[in-house]
Amino acid sequence: MRLILNNLVAIYRKELHSYFASPFAYVLAGIFWLLAGVFFAAILLGPAGLLEQARNADLAASQGVRVAPFDVGYSFLQFFLGTLGSLALFMLPLLSMGLYTEERKRGTLELLATSPVTNWVVAVAKLLGVLTVFVTMVLPLLVYEAIVLNRASPPINPTVMIAGHGGLILLAAAVLSLGMFISSLTNSTILAAIGTFALVLFLWMIDVLGKNVGGALGEALSHLSLLKHYTNWVQGVVDTGSLVLFASYIGLGIFLTAQSIEALRFQRS
Amino acid sequence: MIQVEQLSKVYGTTPAIADVTFRVEPGEILGFLGPNGAGKTTTMRILAGYLPASSGTAKVAGYEVHEQSMAVRQRIGYLPESPPLYLDMTVAGFLQFVARIKGVPAGDSPDRVRTAMQRCGLSDKHQTLIRKLSKGYRQRVGIAQAIVHDPPVIILDEPTVGLDPRQIIEVRNLIKGLAGDHTVILSTHILPEVSMTCNRVAIINQGRIVATNTPDELMSRLTGGAGYELEVDGDITQAQQLLHRVAGVRSVEWLANGSRLKVVIEPSHPHVGQELARAIVQAGLGLQEMRRVQADLETVFLQLTTEDPTPSTAELATDAPTPDQPFEE
């Protein structure tokens, strides 16, 4: 058990190192922050932005019109986390694409496969590593949120705050886990990115597909949708079903990765 | 330390190795010699627990390589054909990582890393990124990662490939230094390497072991010692008959370009050169050149790995006049 933990930590640290030692992660983070900043400004200050809506609501209230109270903090978090989720869809495949393709290309998979480490441990450590990178990229965006939320009235409900961000991390973990599996299938980094992107897009949109199909099958399909469950979490609705779904995606990704790496041994290389 | 019995590996329908059987005793260096594609890498990958065998058993340090894979993996150091390196790590950082995943206790690993770097001549490069190292240095890092956890068994797949002559000598000395404490199995297609570094050699061709012995014994058993090569003016057939009558001559062979003869001598008569020269000169034939030919592993290797049983005659069969078979009465 201690040995497993030891290996896990060693590989986790190696993964973190490989991200932070390459310019790629910084470029990606820079683009992510820039886009998030643009959306942040648009959500608040745009022509139909939240500040405009709040002003209109105030104006209506002062003129004695009875309107539903407008919760800027909550609405902001909804929009902002929704946007981050969509941005992550584009970004996560780029983070996960190199997880195994690089090891395959460099031959370092042979080192891992002949070390006393199970495929499971490697996969879990890699997933934790890349997830840490993602969380690190999201952390500075809390500053944006802090700007809005510390003056919000009514104050934001901490449960919504935690659920929303927890949902983002779970979503990322699910996508990264599947992306890790796809990267274990090929030597080509680009192919891994495209494949992951296609798969994630499909899982994102399956909700729409489900609605068109209708019936029990349609319901089943829309239950698989990442978007639907992510939206639940962002709204502060934490139900076990969503948790199980995300956990299933994560577990499936790790399981398939371990299997595909094991299967590599049986191929002619 | 290593016991391999009737090991076979089939890729699809192509057999890569068949019925490979050999043993390596503790502290020994076994050289695995064969042409490219003979099955060296496949055998080593099976021993390292990377590939499962199709049939047969392989045991390393008493553990079955596939069934007790984890136990085996802890006890081996393995350098694949291309060294498995993370280019964006420093030499020391990488070795530290390997030590950790090989199960070296955290307290011991700085010491082990330092020792491995010292043995491989990497001490002055310890903070260099592997990306910036030359091929020779990368190969050394590859060897260092195979020995960093001080495993009882070390498997090296073509450890000297891509190195310059000085580095090759250094690596050979390093490998020789590993014997005794470690059991080493290394593969190569460079013949002198085997006679220089290994206690024993296993020659593999087309997936089968064709001979296992010490390099010296292999040479003497299979070539019957040394011989002479002569260039003669005049009737070459007459010269051939004359030479064959000299005591201690085993066979006289007609080489390709018409006027050259190869004399193979019995190991019991190592100094028949004088007699050979006298026989030629006394018969009134001209002796243009005469030199000793040392039997080497190369000859053994060709004999064992060429499908035609008499390679030297097969090689020269194209030119006219058609030379005779080795002259024997």
# chains A, B, ... in the order shown; residues from 1 in each chain; ligands from 1
call {"tool": "interface_residues", "arguments": {"of": "chain B", "to": "chain A", "cutoff": "6 Å", "atoms": "only C-alpha atoms", "output": "list in words"}}
result
Tyr50, Leu51, Met70, Arg73, Gln74, Pro84, Ile101 and Lys102 of chain B
call {"tool": "residues_around", "arguments": {"residues": "region 170-177 of chain B", "least_positions_apart": "2", "cutoff": "8 Å", "atoms": "only C-alpha atoms", "output": "list in words"}}
result
Ile29, Arg119, Cys120, Arg140, Pro159, Thr160, Arg166, Gln167, Ile168, Ala179, Gly180, Val184, Glu193, Met196, Thr197 and Cys198 of chain B
call {"tool": "write_last_selection", "arguments": {"atoms": "N, CA and C atoms", "output": "CSV table (one decimal), in the first residue's frame"}}
result
chain,number,residue,atom,x,y,z
B,29,ILE,N,28.0,-12.4,-17.1
B,29,ILE,CA,27.5,-11.5,-18.2
B,29,ILE,C,27.3,-12.4,-19.4
B,119,ARG,N,29.0,6.0,-11.7
B,119,ARG,CA,29.4,4.8,-12.5
B,119,ARG,C,29.3,5.1,-14.0
B,120,CYS,N,28.3,5.9,-14.3
B,120,CYS,CA,28.0,6.1,-15.8
B,120,CYS,C,28.7,7.4,-16.2
B,140,ARG,N,24.1,6.8,-21.8
B,140,ARG,CA,24.6,6.6,-20.4
B,140,ARG,C,23.5,6.8,-19.4
B,159,PRO,N,23.5,-1.9,-25.7
B,159,PRO,CA,23.9,-0.8,-24.9
B,159,PRO,C,24.9,0.1,-25.5
B,160,THR,N,25.6,-0.3,-26.6
B,160,THR,CA,26.6,0.5,-27.1
B,160,THR,C,26.3,1.1,-28.5
B,166,ARG,N,35.3,5.9,-28.2
B,166,ARG,CA,35.7,6.0,-26.8
B,166,ARG,C,34.6,5.7,-25.8
B,167,GLN,N,33.4,6.2,-26.1
B,167,GLN,CA,32.3,5.9,-25.2
B,167,GLN,C,32.0,4.4,-25.2
B,168,ILE,N,32.2,3.7,-26.3
B,168,ILE,CA,31.9,2.3,-26.4
B,168,ILE,C,32.9,1.6,-25.4
B,179,ALA,N,29.6,-7.0,-13.4
B,179,ALA,CA,29.6,-8.4,-13.2
B,179,ALA,C,30.0,-8.7,-11.8
B,180,GLY,N,29.6,-9.9,-11.3
B,180,GLY,CA,29.9,-10.2,-9.9
B,180,GLY,C,28.7,-9.9,-9.0
B,184,VAL,N,24.2,-9.9,-15.7
B,184,VAL,CA,23.9,-9.0,-16.8
B,184,VAL,C,23.6,-9.8,-18.0
B,193,GLU,N,32.4,-7.0,-29.3
B,193,GLU,CA,31.8,-6.6,-28.1
B,193,GLU,C,31.6,-7.8,-27.2
B,196,MET,N,34.8,-9.2,-25.8
B,196,MET,CA,35.4,-8.3,-24.9
B,196,MET,C,34.7,-8.2,-23.5
B,197,THR,N,33.4,-8.3,-23.5
B,197,THR,CA,32.7,-8.1,-22.3
B,197,THR,C,32.1,-9.3,-21.6
B,198,CYS,N,31.8,-10.3,-22.4
B,198,CYS,CA,30.9,-11.4,-21.9
B,198,CYS,C,31.7,-12.6,-21.4
call {"tool": "residues_around", "arguments": {"residues": "region 10-27 of chain B", "least_positions_apart": "6", "cutoff": "6 Å", "atoms": "only C-alpha atoms", "output": "ChimeraX atom specification"}}
result
/B:1-4,39,179-183,207-209
call {"tool": "write_last_selection", "arguments": {"atoms": "N, CA and C atoms", "output": "PDB file, in the first residue's frame"}}
result
ATOM      1  N   MET B   1      20.290 -17.607 -12.106  1.00  0.00           N
ATOM      2  CA  MET B   1      19.620 -16.326 -11.887  1.00  0.00           C
ATOM      3  C   MET B   1      18.531 -16.104 -12.933  1.00  0.00           C
ATOM      4  N   ILE B   2      18.868 -16.458 -14.153  1.00  0.00           N
ATOM      5  CA  ILE B   2      17.860 -16.389 -15.212  1.00  0.00           C
ATOM      6  C   ILE B   2      17.743 -17.791 -15.801  1.00  0.00           C
ATOM      7  N   GLN B   3      16.519 -18.283 -15.838  1.00  0.00           N
ATOM      8  CA  GLN B   3      16.295 -19.590 -16.450  1.00  0.00           C
ATOM      9  C   GLN B   3      15.218 -19.444 -17.506  1.00  0.00           C
ATOM     10  N   VAL B   4      15.571 -19.754 -18.709  1.00  0.00           N
ATOM     11  CA  VAL B   4      14.618 -19.640 -19.804  1.00  0.00           C
ATOM     12  C   VAL B   4      14.445 -21.022 -20.394  1.00  0.00           C
ATOM     13  N   GLY B  39      15.496 -11.888 -32.985  1.00  0.00           N
ATOM     14  CA  GLY B  39      14.691 -12.193 -31.809  1.00  0.00           C
ATOM     15  C   GLY B  39      15.338 -11.773 -30.507  1.00  0.00           C
ATOM     16  N   ALA B 179      29.569  -6.954 -13.401  1.00  0.00           N
ATOM     17  CA  ALA B 179      29.573  -8.401 -13.183  1.00  0.00           C
ATOM     18  C   ALA B 179      29.989  -8.695 -11.756  1.00  0.00           C
ATOM     19  N   GLY B 180      29.586  -9.853 -11.280  1.00  0.00           N
ATOM     20  CA  GLY B 180      29.903 -10.196  -9.902  1.00  0.00           C
ATOM     21  C   GLY B 180      28.730  -9.857  -9.005  1.00  0.00           C
ATOM     22  N   ASP B 181      28.497  -8.552  -8.806  1.00  0.00           N
ATOM     23  CA  ASP B 181      27.360  -8.153  -7.975  1.00  0.00           C
ATOM     24  C   ASP B 181      26.045  -8.338  -8.719  1.00  0.00           C
ATOM     25  N   HIS B 182      26.120  -8.171 -10.031  1.00  0.00           N
ATOM     26  CA  HIS B 182      24.893  -8.225 -10.820  1.00  0.00           C
ATOM     27  C   HIS B 182      25.010  -9.319 -11.877  1.00  0.00           C
ATOM     28  N   THR B 183      23.856  -9.817 -12.271  1.00  0.00           N
ATOM     29  CA  THR B 183      23.816 -10.706 -13.423  1.00  0.00           C
ATOM     30  C   THR B 183      23.394  -9.854 -14.606  1.00  0.00           C
ATOM     31  N   GLY B 207      15.271 -16.565 -34.511  1.00  0.00           N
ATOM     32  CA  GLY B 207      14.451 -16.951 -33.379  1.00  0.00           C
ATOM     33  C   GLY B 207      14.914 -18.185 -32.627  1.00  0.00           C
ATOM     34  N   ARG B 208      16.036 -18.752 -33.037  1.00  0.00           N
ATOM     35  CA  ARG B 208      16.507 -19.948 -32.339  1.00  0.00           C
ATOM     36  C   ARG B 208      17.922 -19.735 -31.822  1.00  0.00           C
ATOM     37  N   ILE B 209      18.184 -20.320 -30.645  1.00  0.00           N
ATOM     38  CA  ILE B 209      19.544 -20.281 -30.134  1.00  0.00           C
ATOM     39  C   ILE B 209      20.336 -21.340 -30.894  1.00  0.00           C
TER      40      ILE B 209
END
call {"tool": "atom_distance", "arguments": {"atom1": "CA of Arg245 (chain B)", "atom2": "CA of His271 (chain B)"}}
result
15.3 Å
call {"tool": "select_by_dssp", "arguments": {"residues": "region 68-199 of chain B", "states": "alpha helix (DSSP H)", "output": "number ranges by chain"}}
result
B: 69-75, 91-101, 109-119, 135-147, 165-178, 191-197
call {"tool": "residues_around", "arguments": {"residues": "Ile46 (chain B)", "least_positions_apart": "6", "cutoff": "8 Å", "atoms": "only C-alpha atoms", "output": "ChimeraX atom specification"}}
result
/B:52-53,58,65
